[in-house]
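Enquirer: Pasting a structure here, questions to come.
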Amino acid sequence: MLLENSETLLWMKMIFSYYPPLIILAPLLAGLITGAFGELIGKRVYRICVLAHVVAFGLALCLFYEIIARGPQIFDVFPRTTQWSGILQFRLYIDRLAAVMMVHILAISTLIHLFSRNYMEQERGFARV
């Protein structure tokens, strides 16, 4: 097994449950902030999206490592202890293929954000995205 130390394994289990929602929400929140406050921030608005994609890509790499080390994982997005547990249940099942696709898609989208910055700076509506 790749993770032999039990203290490291416990620490990773605790943090590992937050990876998938952060991978999904980081680019989404950056897009909402950019769309809502793009004109106020100005020409440096691209930094928010690039930072969100880099963070999501780094988390996807960590998730990929964990999936390889521990096998497929199921993540409860809504906890079962709420009053809505019988009505609303949402889980993410992530196996190796899903983890590879996350890394692949986030790598490409990060590169697109980085390289389109210079191209889009010449556009009149660059700050409003």
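Chain labels follow the order of the structure tokens: the first chain is A, the next B, and so on; residue numbering restarts at 1 in every chain, and ligands are counted from 1 in their shown order.
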Tell me, as a VMD selection string, which residues lie within 8 Å of region 57-65 of chain A, counting only C-alpha atoms; anything in the same chain fewer than 2 positions away does not count.
Expert: chain A and resid 16 19 to 20 22 to 23 53 to 55 67 to 69 96 99 to 100 102 to 103 106 to 107 110
Enquirer: Interatomic distance between CA of Glu66 (chain A) and CA of Asp95 (chain A)?
Expert: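 Rounded to one decimal, the two atoms are 10.2 Å apart.
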Enquirer: Distance CA of Thr34 (chain A)-CA of Phe75 (chain A), one decimal place?
Expert: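 According to the coordinates, CA of Thr34 (chain A) and CA of Phe75 (chain A) are separated by 28.7 Å.
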